[in-house]
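Since the structure comes first, as structure tokens, the remarks are kept for the end.
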Amino acid sequence: MSEMYKNDVEAADALKNITDKLKSEISKVIVGQDHVVEGVLTSIFCNGHSLLIGVPGLAKTLLINTIADVLDLSFNRIQFTPDLMPSDITGSEILDDERNFKFSKGPLFANIVLADEINRTPPKTQAALLEAMQEKTVTVAGHDHQLPKPFFVLATQNPIEQEGTYPLPEAQLDRFMFNITLDYPSEADEIEIVKRTTGNIKSEVKKVISAKEILAFQELVRKVPIADNVLEYAVRLVGKTRPNQEGASEYVKQYLGYGAGPRASQNLVLAAKCHALMHGKYSPDIEDVKSIANYVLRHRLVKNYKAEAEGISVEDIVAKLM
């Protein structure tokens, strides 16, 4: 970071300016969905992966494509299907003209990988992707192959159609830093979307930030100081979600089967640091933790039958705990 900026304060100011530029470039193509754009950018600057949940036609693929464009990163999309094998995404050993084995890279070898409809593929292929997400390497025929840096997986799931799908187990969902839901656009936004997509004007976005700068900002986020009371608030919030822990509230015991683990506390603190920088603050406060709590906890809390029967959402539970 020292090569690009005089000190960390200057770098923090630069991250705020770059975030504003990124948002304005992305808005040339994507109408609305500001919270989704911010969530994805936050997870990228925290070196985490995101799960995007939304019905078809909400421009999930276009959004991720646009983000890859403005970030000046390589991008691959993998359409997950029931017959997709691990080697189809990681790559495989092939015989070349001299009858030697050489490694042919799969679509995972890109900075941003869109794993479209991750719940459509069998557990074996899901596991290959999740291993790559965790280790940032791919192992084929006993050899490790490093994935490019930075490396982000943005996986999508369609919440409606569950027939013929393989839901991700809780332990694998925990590998995703954020779970971001996409909602239907407002009427005004939808009018603007239809205007833009049915005309002949094509929006071009400019590249705003390079891979090298992203890696530098990822380091900067970890350096951000955090007050003890904010750190304790984040850890306590996660602790409150565990129904089997001593001192758990009746509300949590009533509606939750399982709570979030320590990885949730880590991600909550890291994301709060990044959220603060992106909004021009040098240290996170409790409001920053609250702003990103749903993204971090949404996929880590397991509701019980009572919550399902009464139509209580994870967001309702998180709001009550905060």
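Note on naming: chains are A, B, ... as they come in the structure tokens, residues start from 1 per chain, ligands start from 1 in the order shown.
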
(message) I need the residues of range 6-222 of chain A that end up classed as strand (DSSP E or B) by DSSP on the backbone, written out as number ranges by chain.
(response) A: 50-53, 75-79, 91-95, 101-105, 112-116, 137-140, 143-146, 152-157, 178-181

(message) Neighbouring residues of Asp189 in chain A were defined as those with any atom within 12 Å, considering only C-alpha atoms; residues of the same chain fewer than 2 positions away were excluded. Please report them as a list in words.
(response) Ser27, Ile30, Val31, Gly32, Gln33, Asp34, Leu58, Asp183, Tyr184, Pro185, Ser186, Glu187, Ile191, Glu192, Ile193, Val194, Lys195 and Arg196 of chain A

(message) Using only C-alpha atoms, which protein or nucleic acid residues come within 6 Å of range 36-53 of chain A? Drop anything in the same chain fewer than 3 positions from it, and give the result as a VMD selection string.
(response) chain A and resid 33 152 to 157 176 to 181 218

(request) Go through A:Lys223, A:Glu308, A:Lys207, A:Asp20 and flag the residue nearest Cys274 in chain A, using only C-alpha atoms for the distances. (result)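 So, comparing all the options, the nearest one is A:Lys223.
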
(request) Using only C-alpha atoms, determine which residues lie at most 8 Å from Leu147 in chain A, disregarding the query and same-chain residues fewer than 3 positions distant; provide the list as a ChimeraX atom specification. (result) /A:108-110,136-138,151

Writer output for current selection, N, CA and C atoms, as a CSV table (one decimal), in the first residue's frame:
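Final output, part18.csv:
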```
chain,number,residue,atom,x,y,z
A,108,LEU,N,-12.6,-22.3,-13.4
A,108,LEU,CA,-12.4,-21.7,-12.1
A,108,LEU,C,-11.2,-20.8,-12.1
A,109,PHE,N,-10.3,-20.9,-13.1
A,109,PHE,CA,-9.1,-20.1,-13.2
A,109,PHE,C,-9.5,-18.7,-13.8
A,110,ALA,N,-10.1,-17.9,-12.9
A,110,ALA,CA,-10.5,-16.5,-13.3
A,110,ALA,C,-10.5,-15.7,-11.9
A,136,LYS,N,-8.0,-21.7,-2.2
A,136,LYS,CA,-7.5,-20.8,-3.3
A,136,LYS,C,-6.6,-21.6,-4.2
A,137,THR,N,-6.7,-23.0,-4.2
A,137,THR,CA,-5.9,-23.8,-5.1
A,137,THR,C,-6.8,-24.9,-5.6
A,138,VAL,N,-6.4,-25.5,-6.7
A,138,VAL,CA,-7.1,-26.7,-7.3
A,138,VAL,C,-6.1,-27.8,-7.3
A,151,PHE,N,-9.3,-13.8,-5.9
A,151,PHE,CA,-10.2,-14.8,-6.4
A,151,PHE,C,-11.6,-14.7,-5.6
```

(message) Could you tell me how far CA of Leu182 in chain A sits from CA of Val296 in chain A, in Å to one decimal place?
(response)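 Here the two named atoms are 15.2 Å from each other.
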
(message) Could you pull out the helix (DSSP H, G or I) residues of range 25-254 of chain A, going by DSSP on the backbone, and write them as number ranges by chain?
(response) A: 25-26, 34-45, 60-70, 86-90, 118-120, 123-135, 170-173, 187-198, 211-223, 228-239, 250-254

(request) Work out how far apart CA of Lys206 in chain A and CA of Glu25 in chain A are and give it in Å to one decimal. (result) 6.8 Å

(message) List as a PyMOL selection string the protein and nucleic acid residues near range 251-260 of chain A, meaning an atom at most 10 Å away when only C-alpha atoms are counted, but skip any in the same chain fewer than 5 places from it.
(response) chain A and resi 170+174+237-245+265+296-308+310+312-314+317-318+320-321

(message) Nearest residue to Phe101 in chain A out of A:Val55, A:Leu129, A:Ala141, A:Ala293, using only C-alpha atoms?
(response)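 Using only C-alpha atoms, Phe101 in chain A sits closest to A:Ala141.
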
(message) Please compute the CA of His279 in chain A-CA of Glu213 in chain A distance, one decimal, in Å.
(response) 18.3 Å

(message) Counting only C-alpha atoms, which residue out of A:Leu231, A:Ile118, A:Leu270, A:Ile64 sits closest to Ile286 in chain A?
(response) A:Leu231

(request) Go through A:His35, A:Lys273, A:Lys16, A:Arg263 one by one, measure the shortest atom-to-atom distance of each to Ala227 in chain A using only C-alpha atoms, and give the residue with the smallest value. (result)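 Among the listed residues, the smallest separation from Ala227 in chain A belongs to A:Lys273.
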
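Among the candidate residues A:Leu95, A:Ala59, A:Asn100, A:Ala12, the one lying nearest to Ser283 in chain A is A:Ala12, with distances computed using only C-alpha atoms.
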
(message) Neighbouring residues of Pro284 in chain A were defined as those with any atom within 9 Å, considering only C-alpha atoms; residues of the same chain fewer than 3 positions away were excluded. Please report them as a PyMOL selection string.
(response) chain A and resi 224-227+230+269+272-277+281+287-289

Grab the residues selected above and save them as a compact mmCIF listing (two decimals), in the first residue's frame with N, CA and C atoms.
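Produced file part-v3.txt, reproduced below:
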```
# COMPACT_ATOMS: atom_id res chain seq x y z
N VAL A 224 -7.64 -1.89 9.84
CA VAL A 224 -8.53 -0.89 10.45
C VAL A 224 -8.71 -1.18 11.94
N PRO A 225 -8.49 -0.18 12.80
CA PRO A 225 -8.67 -0.40 14.25
C PRO A 225 -10.16 -0.49 14.59
N ILE A 226 -10.47 -1.28 15.60
CA ILE A 226 -11.87 -1.40 16.03
C ILE A 226 -11.93 -1.29 17.55
N ALA A 227 -12.87 -0.50 18.04
CA ALA A 227 -13.00 -0.31 19.49
C ALA A 227 -13.47 -1.60 20.14
N VAL A 230 -17.26 -2.28 20.20
CA VAL A 230 -17.86 -2.67 18.91
C VAL A 230 -17.56 -4.14 18.64
N VAL A 269 -17.02 -8.69 11.97
CA VAL A 269 -16.03 -7.65 12.32
C VAL A 269 -15.31 -7.15 11.06
N ALA A 272 -17.68 -5.10 8.95
CA ALA A 272 -17.96 -3.80 9.59
C ALA A 272 -16.80 -2.83 9.33
N LYS A 273 -15.55 -3.34 9.38
CA LYS A 273 -14.37 -2.51 9.09
C LYS A 273 -14.45 -1.96 7.66
N CYS A 274 -14.78 -2.86 6.73
CA CYS A 274 -14.84 -2.46 5.32
C CYS A 274 -16.00 -1.49 5.09
N HIS A 275 -17.14 -1.77 5.71
CA HIS A 275 -18.33 -0.90 5.57
C HIS A 275 -17.99 0.51 6.05
N ALA A 276 -17.24 0.60 7.16
CA ALA A 276 -16.84 1.91 7.70
C ALA A 276 -15.97 2.66 6.69
N LEU A 277 -14.95 1.99 6.15
CA LEU A 277 -14.06 2.63 5.17
C LEU A 277 -14.82 3.10 3.94
N LYS A 281 -15.41 6.44 7.06
CA LYS A 281 -15.04 6.43 8.49
C LYS A 281 -13.74 5.64 8.64
N GLU A 287 -23.29 0.81 14.41
CA GLU A 287 -24.17 0.95 13.24
C GLU A 287 -23.62 0.17 12.04
N ASP A 288 -22.28 0.17 11.89
CA ASP A 288 -21.68 -0.59 10.78
C ASP A 288 -21.94 -2.09 10.94
N VAL A 289 -21.86 -2.58 12.18
CA VAL A 289 -22.12 -4.00 12.46
C VAL A 289 -23.58 -4.31 12.11
```

(request) Could you tell me which of A:Asn119, A:Thr19, A:Gln134, A:Thr139 comes closest to Thr81 in chain A if we count only C-alpha atoms? (result) A:Asn119
